[in-house]
Amino acid sequence: MALISDGGFIEDAWRRLADEEALPKAGKVIVSLPRLQHALDVLGPEASLGVIVMNTTEPSALIDALPRLGLVSISFPAFSDGRGFSLARLLRRAGFKGELRASGRLVADQYAHAVGCGFDTIEIPDDLAERQDEEQWRAALNVYAMSYQRGYSGRGSILEARRRAARP
Amino acid sequence: MTAHDPEAMRRPNAPTTTYLYDDYDAAFVRERVAEFREQVRRRLSGALTEEEFRPFRLMNGLYLQLHAYMLRVAIPYGTLTARQMRRLADIADKWDKGYGHFTTRQNLQYNWPKLVDTPDILEALADVEMHAIQTSGNCIRNVTADHFAGVAQDEIEDPRPTAEFLRQWSSLHPEFSFLPRKFKIAVTGAEHDRAAIMVHDVGLRIVRNDSGEIGYQVVAGGGLGRSPFVGKVVGDFVPRHDLLAFLEAIMRVYNRFGRRDNKYKARIKILVHEKGIDDIRAEVEAEFAAMDRSVFAHDPEEFERIAGFLAPPPYESLARDSQMLRAAKLETPAFANFADVNVSAHKIPGYAIVTVSLKPIGGVPGDATSDQMRALADASERFGFGELRVSHEQNIILPHVKQDDLFALWRMLDAAGLATANAGLVSDIISCPGMDYCSLATARSIPIAQAISKRFADMSRQRRIGKLGIKISGCINACGHHHVGAIGILGLEKKGQESYQITLGGDPTFSASIGEILGPGVTAEQVPDVIEHLVDFYLAEREEGEAFIDTWRRIGHARFKDVLRREGEDGADI
């Protein structure tokens with residue numbers, strides 16, 4: 001797996017815990033959603049805990065846990081399945097401040113979409129990272145200077161810029 | 001005289017009546033071209049597989065068709081300047097085979113571009129403030145509007161500012177570019193629906209409430225294709241300042257809950273049908289209530305900025321009726337027929353709306369040669385403030401022509417082979433490209449349209465029949481809108497043979513209805529006979545001034561079915 005952040009490939013500070021693995025006392029680990037409540041109960045508030053969820057997960061299943069989570073990873077079963085983008089928006093709206101990760105076969109051309117919806121990092125399989133290297137991911141962030149939408153992250157808003165220009 | 005925008009002077013030949021790109025719009029479109037050029041390069045280098053490349057080329061209007069790539073150019077809300085039309089002609093000559101095809105979504109298709117040329121074509125489009133963004137793919141498609149926008153007599157408000165507002169909002173939307181399926185929005189601001197809003201994923205009807213405030217009636221879940229549905233009201237009155245928030249709420253509900261297990265059940269119409277409109281409305285309202293709407297606080301200012309561009313042209317003050325027009329009609333019967341059939345009433349005294357038919361008898365519906373495109377551009381500059389429209393009926397509209405100029409315009413059009421006086425008549429047929437171009441098609445459509453058109457070649461007979469919409473699709477995806485044709489024709493394949501299913505009673509307007517099947521399918525050769533029998537029966541049965549669909553509604557489907565059954569018994573083998 002390769003991890004992309006701010007247009008570069010980085011080391012993953014988090015570790016995905018298999019369901020049969022014991023919960024470690026320290027370190028940053030990602031658990032599955034069914035195991036989340038147990039992990040929250042067992043680990044102290046100081047532990048760094050992440051969760052991986054399907055893109056069909058209802059935000060309400062996570063709301064209570066969000067303040068204690070350092071990471072939420074959203075699975076993209078196919079790169080063309082855009083449900084994860086809406087889920088990311090909803091989690092940000094619910095106040096989630098930690099790392100939001102998109103996990104799946106996303107392509108570089110979707111990077112700006114992902115950042116716009118609130119994702120910080122993208123996790124892709126190695127074979128994809130070989131074809132789509134760091135340079136392509138970095139370039140994808142800078143294709144557009146601004147965007148037409150309002151309230152999405154990443155690029156500046158064309159409408160805001162127009163308003164600033166129109167002010168005397 | 002209306003205010004003339006000095007910014008328009010930056011662009012040669014620009015009328016004052018269309019939206020002009022500012023530096024942000026221009027930069028955005030250039031960035032899109034650069035991105036696509038890079039995507040093509042990465043496809044050819046293998047960085048992108050064909051599967052990965054596909055949604056991105058589709059979102060730039062590039063399809064892989066039966067014989068070649070097809071590039072679909074966006075003509076937002078069907079509005080073109082003369083300069084843009086000339087550029088379309090130049091592209092057709094340089095990179096295609098000297099013609100283009102105007103579509104039922106007010107776009108233009110080139111049928112023979114090469115993949116490696118498409119970035120250059122997009123660059124040539126960007127020069128004239130055009131693009132191919134979101135004319136295909138599972139995203140919010142090019143927004144369409146009433147082709148009589150701004151000039152119709154029955155208008156509450158010009159729908160084009162709304163459509164342009166939506167064009168910008170929907171362009172490369174971060175959240176809604178990987179939807180379950182395509183998403184089409186149409187807008188009308190008139191009392192008569194010429195934009196078929198009831199059969200779109202979302203239809204917007206501009207309305208005024210009791211306190212005089214402008215807002216939108218929002219209809220969702222309409223659509224044609226293999227399961228046709230008439231849309232249902234999801235928002236009865238959405239004030240303008242809430243429009244984008246409301247649409248984002250609809251899009252979010254659809255993006256999250258629209259089916260993705262079966263592409264034929266992935267449109268919002270299926271979600272609305274399966275969950276029920278009340279459930280969907282509740283979901284949309286809950287999402288609308290939960291979202292941060294403060295980001296849309298300045299939308300009305302932006303709307304006004306856009307509306308400022310789409311101002312009326314500097315009309316002259318004229319008498320309501322033109323003596324010149326009256327005299328020319330008396331003198332030249334062929335012109336009189338054109339003026340009676342292809343000219344519509346304009347809201348400004350002394351002006352007229354002209355429909356230029358792209359349906360010559362026996363021709364390919366919607367096709368125009370590059371010379372014809374240039375002739376249309378010239379005509380619009382001489383007689384119509386340099387503005388043109390594309391209608392969803394696949395014709396070209398000159399929206400502001402002085403009645404005094406109609407005869408001179410007609411002569412100019414006639415010289416270019418563009419004076420067919422059949423707008424709205426039986427030979428003004430909507431047709432998809434069908435088996436001749438499309439890889440999805442199960443039967444030919446263009447030759448069927450041509451055969452019907454030839455059968456009714458007698459123009460006086462056509463005028464006697466009056467307004468009658470025939471729509472032909474070459475497969476169940478229904479690109480030819482056959483479901484909403486007063487007479488619809490659907491080409492299928494049965495045991496290796498083309499078989500045409502006829503439907504009656506479709507209606508694309510506010511009184512929308514889906515056509516009912518007439519009987520077993522017929523062969524390609526039989527279609528003109530069947531249509532002729534149906535038309536003759538209608539002529540025999542109609543009451544004074546009654547349109548085909550009204551006769552059908554009054555006397556019932558069964559009577560029309562009987563016509564065919566009787567013909568069969570007489571040995572006509574239908």
# chains A, B, ... in the order shown; residues from 1 in each chain; ligands from 1
>>> residues_around(residues="stretch 135-141 of chain B", least_positions_apart="2", cutoff="7 Å", atoms="only C-alpha atoms", output="list in words")
Pro55, Leu58, Met59, Asn60, Gly61, Arg72, Val73, Ala74, Ala132, Ile133, Val143, Ser170, Phe176, Ser177, Phe178, Leu179, Pro180, Arg181, Lys182, Phe183 and Lys184 of chain B
>>> residues_around(residues="B:Gln217", least_positions_apart="6", cutoff="12 Å", atoms="only C-alpha atoms", output="mmCIF file with all heavy atoms, in the first residue's frame")
data_model
loop_
_atom_site.group_PDB
_atom_site.id
_atom_site.type_symbol
_atom_site.label_atom_id
_atom_site.label_comp_id
_atom_site.auth_asym_id
_atom_site.auth_seq_id
_atom_site.Cartn_x
_atom_site.Cartn_y
_atom_site.Cartn_z
ATOM 1 N N ALA B 186 -33.063 20.330 -16.371
ATOM 2 C CA ALA B 186 -33.615 21.248 -17.368
ATOM 3 C C ALA B 186 -34.395 22.344 -16.648
ATOM 4 O O ALA B 186 -34.972 22.110 -15.576
ATOM 5 C CB ALA B 186 -34.529 20.501 -18.333
ATOM 6 N N VAL B 187 -34.393 23.539 -17.242
ATOM 7 C CA VAL B 187 -35.041 24.694 -16.618
ATOM 8 C C VAL B 187 -36.010 25.346 -17.601
ATOM 9 O O VAL B 187 -35.673 25.535 -18.771
ATOM 10 C CB VAL B 187 -34.013 25.787 -16.238
ATOM 11 C CG1 VAL B 187 -34.637 26.791 -15.264
ATOM 12 C CG2 VAL B 187 -32.742 25.199 -15.667
ATOM 13 N N THR B 188 -37.182 25.716 -17.108
ATOM 14 C CA THR B 188 -38.083 26.537 -17.914
ATOM 15 C C THR B 188 -38.625 27.669 -17.052
ATOM 16 O O THR B 188 -38.786 27.515 -15.841
ATOM 17 C CB THR B 188 -39.246 25.725 -18.511
ATOM 18 O OG1 THR B 188 -40.019 26.601 -19.340
ATOM 19 C CG2 THR B 188 -40.141 25.136 -17.444
ATOM 20 N N GLY B 189 -38.882 28.789 -17.715
ATOM 21 C CA GLY B 189 -39.461 29.915 -16.994
ATOM 22 C C GLY B 189 -40.777 30.351 -17.597
ATOM 23 O O GLY B 189 -41.243 31.453 -17.364
ATOM 24 N N ILE B 197 -39.212 19.460 -18.854
ATOM 25 C CA ILE B 197 -38.666 19.347 -17.490
ATOM 26 C C ILE B 197 -39.239 18.165 -16.708
ATOM 27 O O ILE B 197 -38.618 17.690 -15.763
ATOM 28 C CB ILE B 197 -38.860 20.647 -16.679
ATOM 29 C CG1 ILE B 197 -40.335 20.868 -16.333
ATOM 30 C CG2 ILE B 197 -38.245 21.850 -17.364
ATOM 31 C CD1 ILE B 197 -40.510 21.661 -15.059
ATOM 32 N N MET B 198 -40.424 17.688 -17.103
ATOM 33 C CA MET B 198 -41.044 16.591 -16.344
ATOM 34 C C MET B 198 -40.353 15.249 -16.584
ATOM 35 O O MET B 198 -40.600 14.287 -15.865
ATOM 36 C CB MET B 198 -42.528 16.450 -16.713
ATOM 37 C CG MET B 198 -43.387 17.669 -16.445
ATOM 38 S SD MET B 198 -43.377 18.192 -14.725
ATOM 39 C CE MET B 198 -44.372 16.896 -13.980
ATOM 40 N N VAL B 202 -33.826 16.148 -12.683
ATOM 41 C CA VAL B 202 -34.428 17.272 -11.965
ATOM 42 C C VAL B 202 -34.918 18.273 -12.992
ATOM 43 O O VAL B 202 -34.185 18.646 -13.916
ATOM 44 C CB VAL B 202 -33.425 17.941 -10.994
ATOM 45 C CG1 VAL B 202 -33.860 19.364 -10.666
ATOM 46 C CG2 VAL B 202 -33.315 17.143 -9.693
ATOM 47 N N GLY B 203 -36.156 18.678 -12.851
ATOM 48 C CA GLY B 203 -36.721 19.728 -13.684
ATOM 49 C C GLY B 203 -37.013 20.932 -12.813
ATOM 50 O O GLY B 203 -37.536 20.781 -11.704
ATOM 51 N N LEU B 204 -36.636 22.110 -13.290
ATOM 52 C CA LEU B 204 -36.886 23.335 -12.534
ATOM 53 C C LEU B 204 -37.865 24.197 -13.306
ATOM 54 O O LEU B 204 -37.655 24.494 -14.485
ATOM 55 C CB LEU B 204 -35.587 24.115 -12.324
ATOM 56 C CG LEU B 204 -34.489 23.413 -11.526
ATOM 57 C CD1 LEU B 204 -33.239 24.291 -11.488
ATOM 58 C CD2 LEU B 204 -34.966 23.109 -10.116
ATOM 59 N N ARG B 205 -38.922 24.589 -12.622
ATOM 60 C CA ARG B 205 -39.900 25.479 -13.237
ATOM 61 C C ARG B 205 -39.909 26.768 -12.423
ATOM 62 O O ARG B 205 -40.210 26.754 -11.218
ATOM 63 C CB ARG B 205 -41.273 24.813 -13.182
ATOM 64 C CG ARG B 205 -42.358 25.640 -13.799
ATOM 65 C CD ARG B 205 -43.703 24.930 -13.647
ATOM 66 N NE ARG B 205 -44.746 25.668 -14.351
ATOM 67 C CZ ARG B 205 -46.021 25.288 -14.382
ATOM 68 N NH1 ARG B 205 -46.403 24.182 -13.774
ATOM 69 N NH2 ARG B 205 -46.906 26.009 -15.028
ATOM 70 N N ILE B 206 -39.560 27.856 -13.089
ATOM 71 C CA ILE B 206 -39.540 29.153 -12.406
ATOM 72 C C ILE B 206 -40.986 29.590 -12.175
ATOM 73 O O ILE B 206 -41.793 29.615 -13.110
ATOM 74 C CB ILE B 206 -38.770 30.200 -13.235
ATOM 75 C CG1 ILE B 206 -37.311 29.753 -13.381
ATOM 76 C CG2 ILE B 206 -38.865 31.585 -12.591
ATOM 77 C CD1 ILE B 206 -36.478 30.596 -14.335
ATOM 78 N N VAL B 207 -41.288 29.891 -10.920
ATOM 79 C CA VAL B 207 -42.657 30.281 -10.572
ATOM 80 C C VAL B 207 -42.618 31.519 -9.671
ATOM 81 O O VAL B 207 -41.576 31.896 -9.137
ATOM 82 C CB VAL B 207 -43.400 29.137 -9.821
ATOM 83 C CG1 VAL B 207 -43.742 27.996 -10.764
ATOM 84 C CG2 VAL B 207 -42.582 28.616 -8.646
ATOM 85 N N ARG B 208 -43.758 32.133 -9.532
ATOM 86 C CA ARG B 208 -43.886 33.298 -8.662
ATOM 87 C C ARG B 208 -44.903 32.939 -7.578
ATOM 88 O O ARG B 208 -45.949 32.380 -7.888
ATOM 89 C CB ARG B 208 -44.386 34.488 -9.493
ATOM 90 C CG ARG B 208 -44.103 35.837 -8.898
ATOM 91 C CD ARG B 208 -44.750 36.917 -9.762
ATOM 92 N NE ARG B 208 -44.053 37.181 -11.008
ATOM 93 C CZ ARG B 208 -42.948 37.927 -11.102
ATOM 94 N NH1 ARG B 208 -42.401 38.456 -10.036
ATOM 95 N NH2 ARG B 208 -42.386 38.137 -12.279
ATOM 96 N N ASN B 209 -44.576 33.210 -6.329
ATOM 97 C CA ASN B 209 -45.536 32.853 -5.275
ATOM 98 C C ASN B 209 -46.520 34.005 -5.043
ATOM 99 O O ASN B 209 -46.466 35.023 -5.728
ATOM 100 C CB ASN B 209 -44.816 32.424 -3.989
ATOM 101 C CG ASN B 209 -44.076 33.583 -3.321
ATOM 102 O OD1 ASN B 209 -44.205 34.731 -3.748
ATOM 103 N ND2 ASN B 209 -43.316 33.277 -2.290
ATOM 104 N N GLY B 231 -41.651 12.995 -13.739
ATOM 105 C CA GLY B 231 -41.107 13.485 -12.474
ATOM 106 C C GLY B 231 -42.182 13.873 -11.473
ATOM 107 O O GLY B 231 -43.339 14.113 -11.839
ATOM 108 N N LYS B 232 -41.790 13.924 -10.189
ATOM 109 C CA LYS B 232 -42.728 14.291 -9.131
ATOM 110 C C LYS B 232 -42.174 15.484 -8.353
ATOM 111 O O LYS B 232 -40.956 15.650 -8.253
ATOM 112 C CB LYS B 232 -42.952 13.098 -8.209
ATOM 113 C CG LYS B 232 -43.559 11.925 -8.966
ATOM 114 C CD LYS B 232 -43.681 10.676 -8.115
ATOM 115 C CE LYS B 232 -44.225 9.525 -8.947
ATOM 116 N NZ LYS B 232 -43.270 9.041 -9.968
ATOM 117 N N VAL B 233 -43.087 16.256 -7.802
ATOM 118 C CA VAL B 233 -42.668 17.488 -7.129
ATOM 119 C C VAL B 233 -41.968 17.160 -5.808
ATOM 120 O O VAL B 233 -42.514 16.483 -4.945
ATOM 121 C CB VAL B 233 -43.879 18.403 -6.875
ATOM 122 C CG1 VAL B 233 -43.451 19.627 -6.064
ATOM 123 C CG2 VAL B 233 -44.495 18.829 -8.204
ATOM 124 N N VAL B 234 -40.728 17.640 -5.674
ATOM 125 C CA VAL B 234 -39.984 17.409 -4.436
ATOM 126 C C VAL B 234 -39.868 18.707 -3.640
ATOM 127 O O VAL B 234 -39.682 18.693 -2.429
ATOM 128 C CB VAL B 234 -38.603 16.771 -4.742
ATOM 129 C CG1 VAL B 234 -37.694 17.703 -5.509
ATOM 130 C CG2 VAL B 234 -37.909 16.281 -3.483
ATOM 131 N N GLY B 235 -39.997 19.837 -4.326
ATOM 132 C CA GLY B 235 -40.027 21.127 -3.641
ATOM 133 C C GLY B 235 -41.011 22.032 -4.360
ATOM 134 O O GLY B 235 -40.849 22.314 -5.541
ATOM 135 N N ASP B 236 -42.070 22.451 -3.643
ATOM 136 C CA ASP B 236 -43.126 23.192 -4.315
ATOM 137 C C ASP B 236 -42.711 24.623 -4.626
ATOM 138 O O ASP B 236 -43.004 25.150 -5.683
ATOM 139 C CB ASP B 236 -44.392 23.175 -3.459
ATOM 140 C CG ASP B 236 -45.619 23.196 -4.335
ATOM 141 O OD1 ASP B 236 -45.537 22.659 -5.459
ATOM 142 O OD2 ASP B 236 -46.636 23.761 -3.909
ATOM 143 N N PHE B 237 -42.003 25.220 -3.674
ATOM 144 C CA PHE B 237 -41.501 26.578 -3.916
ATOM 145 C C PHE B 237 -40.172 26.726 -3.192
ATOM 146 O O PHE B 237 -40.126 26.867 -1.973
ATOM 147 C CB PHE B 237 -42.502 27.635 -3.434
ATOM 148 C CG PHE B 237 -42.071 29.028 -3.765
ATOM 149 C CD1 PHE B 237 -42.348 29.593 -5.003
ATOM 150 C CD2 PHE B 237 -41.330 29.792 -2.852
ATOM 151 C CE1 PHE B 237 -41.920 30.882 -5.321
ATOM 152 C CE2 PHE B 237 -40.896 31.073 -3.169
ATOM 153 C CZ PHE B 237 -41.193 31.615 -4.410
ATOM 154 N N VAL B 238 -39.106 26.683 -3.940
ATOM 155 C CA VAL B 238 -37.771 26.864 -3.365
ATOM 156 C C VAL B 238 -37.309 28.271 -3.749
ATOM 157 O O VAL B 238 -37.141 28.564 -4.930
ATOM 158 C CB VAL B 238 -36.777 25.809 -3.908
ATOM 159 C CG1 VAL B 238 -35.379 26.055 -3.370
ATOM 160 C CG2 VAL B 238 -37.265 24.402 -3.563
ATOM 161 N N PRO B 239 -37.139 29.148 -2.753
ATOM 162 C CA PRO B 239 -36.701 30.508 -3.092
ATOM 163 C C PRO B 239 -35.318 30.479 -3.752
ATOM 164 O O PRO B 239 -34.539 29.554 -3.523
ATOM 165 C CB PRO B 239 -36.619 31.219 -1.730
ATOM 166 C CG PRO B 239 -37.304 30.333 -0.761
ATOM 167 C CD PRO B 239 -37.281 28.948 -1.311
ATOM 168 N N ARG B 240 -35.033 31.494 -4.545
ATOM 169 C CA ARG B 240 -33.791 31.499 -5.305
ATOM 170 C C ARG B 240 -32.557 31.355 -4.413
ATOM 171 O O ARG B 240 -31.624 30.631 -4.759
ATOM 172 C CB ARG B 240 -33.700 32.789 -6.127
ATOM 173 C CG ARG B 240 -32.365 32.962 -6.828
ATOM 174 C CD ARG B 240 -32.467 33.922 -7.983
ATOM 175 N NE ARG B 240 -33.305 33.359 -9.002
ATOM 176 C CZ ARG B 240 -34.064 34.055 -9.834
ATOM 177 N NH1 ARG B 240 -34.102 35.364 -9.760
ATOM 178 N NH2 ARG B 240 -34.788 33.448 -10.744
ATOM 179 N N LEU B 243 -31.712 27.781 -3.779
ATOM 180 C CA LEU B 243 -31.728 26.822 -4.883
ATOM 181 C C LEU B 243 -30.535 25.856 -4.840
ATOM 182 O O LEU B 243 -30.707 24.640 -4.914
ATOM 183 C CB LEU B 243 -31.764 27.542 -6.241
ATOM 184 C CG LEU B 243 -31.749 26.601 -7.460
ATOM 185 C CD1 LEU B 243 -32.992 25.716 -7.496
ATOM 186 C CD2 LEU B 243 -31.619 27.380 -8.766
ATOM 187 N N PHE B 246 -30.655 23.471 -1.944
ATOM 188 C CA PHE B 246 -31.681 22.452 -2.151
ATOM 189 C C PHE B 246 -31.207 21.402 -3.149
ATOM 190 O O PHE B 246 -31.394 20.202 -2.957
ATOM 191 C CB PHE B 246 -32.979 23.113 -2.633
ATOM 192 C CG PHE B 246 -34.185 22.232 -2.518
ATOM 193 C CD1 PHE B 246 -34.830 22.072 -1.302
ATOM 194 C CD2 PHE B 246 -34.671 21.539 -3.616
ATOM 195 C CE1 PHE B 246 -35.940 21.238 -1.191
ATOM 196 C CE2 PHE B 246 -35.778 20.707 -3.510
ATOM 197 C CZ PHE B 246 -36.413 20.563 -2.294
ATOM 198 N N LEU B 247 -30.557 21.870 -4.210
ATOM 199 C CA LEU B 247 -30.056 20.917 -5.206
ATOM 200 C C LEU B 247 -28.932 20.062 -4.615
ATOM 201 O O LEU B 247 -28.847 18.862 -4.889
ATOM 202 C CB LEU B 247 -29.568 21.652 -6.456
ATOM 203 C CG LEU B 247 -30.657 22.285 -7.323
ATOM 204 C CD1 LEU B 247 -30.041 23.036 -8.493
ATOM 205 C CD2 LEU B 247 -31.628 21.218 -7.836
ATOM 206 N N PHE B 510 -45.753 20.077 -19.470
ATOM 207 C CA PHE B 510 -46.226 19.988 -18.080
ATOM 208 C C PHE B 510 -47.300 18.911 -17.913
ATOM 209 O O PHE B 510 -47.452 18.327 -16.850
ATOM 210 C CB PHE B 510 -46.788 21.332 -17.611
ATOM 211 C CG PHE B 510 -45.748 22.387 -17.415
ATOM 212 C CD1 PHE B 510 -45.954 23.681 -17.862
ATOM 213 C CD2 PHE B 510 -44.545 22.097 -16.784
ATOM 214 C CE1 PHE B 510 -44.994 24.662 -17.680
ATOM 215 C CE2 PHE B 510 -43.579 23.067 -16.601
ATOM 216 C CZ PHE B 510 -43.801 24.361 -17.050
#
>>> interface_residues(of="chain A", to="chain B", cutoff="8 Å", atoms="only C-alpha atoms", output="ChimeraX atom specification")
/A:56,80-83,85-87,93,107,112-114,116-117,131-132,143-152,158-159
>>> atom_distance(atom1="atom CA of B:Glu525", atom2="atom CA of B:Cys475")
17.7 Å
>>> closest_residue(among="B:Ala196, B:Leu376, B:Ile214, B:Ala339", to="B:Arg326", atoms="only C-alpha atoms")
B:Ala339
>>> closest_residue(among="A:Gly8, A:Ala78, A:Ala2, A:Arg15", to="A:Glu135", atoms="only C-alpha atoms")
A:Gly8
>>> residues_around(residues="stretch 95-103 of chain B", least_positions_apart="5", cutoff="8 Å", atoms="only C-alpha atoms", output="PyMOL selection string")
chain B and resi 89+108-114+117+121+366-370+390+392-395+432
>>> closest_residue(among="B:Gly485, B:Gly515, B:Pro399, B:Gly223", to="B:Arg267", atoms="only C-alpha atoms")
B:Gly223
>>> select_by_dssp(residues="chain A", states="alpha helix (DSSP H)", output="MDAnalysis selection string")
chainID A and resid 33:42 83:93 111:116 126:131 134:141 158:166
>>> select_by_dssp(residues="stretch 120-365 of chain B", states="strand (DSSP E)", output="VMD selection string")
chain B and resid 144 to 145 185 to 188 202 to 208 214 to 220 232 to 239 343 to 345 351 to 356
>>> residues_around(residues="A:Arg68", least_positions_apart="2", cutoff="8 Å", atoms="only C-alpha atoms", output="CSV table (one decimal) with N, CA and C atoms, in the first residue's frame")
chain,number,residue,atom,x,y,z
A,45,PRO,N,-8.5,7.1,26.9
A,45,PRO,CA,-8.7,8.3,26.1
A,45,PRO,C,-7.4,8.8,25.4
A,49,LEU,N,-6.6,6.0,18.1
A,49,LEU,CA,-7.4,4.9,17.5
A,49,LEU,C,-8.1,5.4,16.2
A,65,ALA,N,-18.4,8.4,18.5
A,65,ALA,CA,-17.0,8.0,18.7
A,65,ALA,C,-16.1,9.1,18.1
A,66,LEU,N,-16.6,9.9,17.2
A,66,LEU,CA,-15.8,10.8,16.5
A,66,LEU,C,-14.8,11.6,17.3
A,70,GLY,N,-8.7,9.3,16.0
A,70,GLY,CA,-7.7,10.1,15.3
A,70,GLY,C,-7.7,10.0,13.8
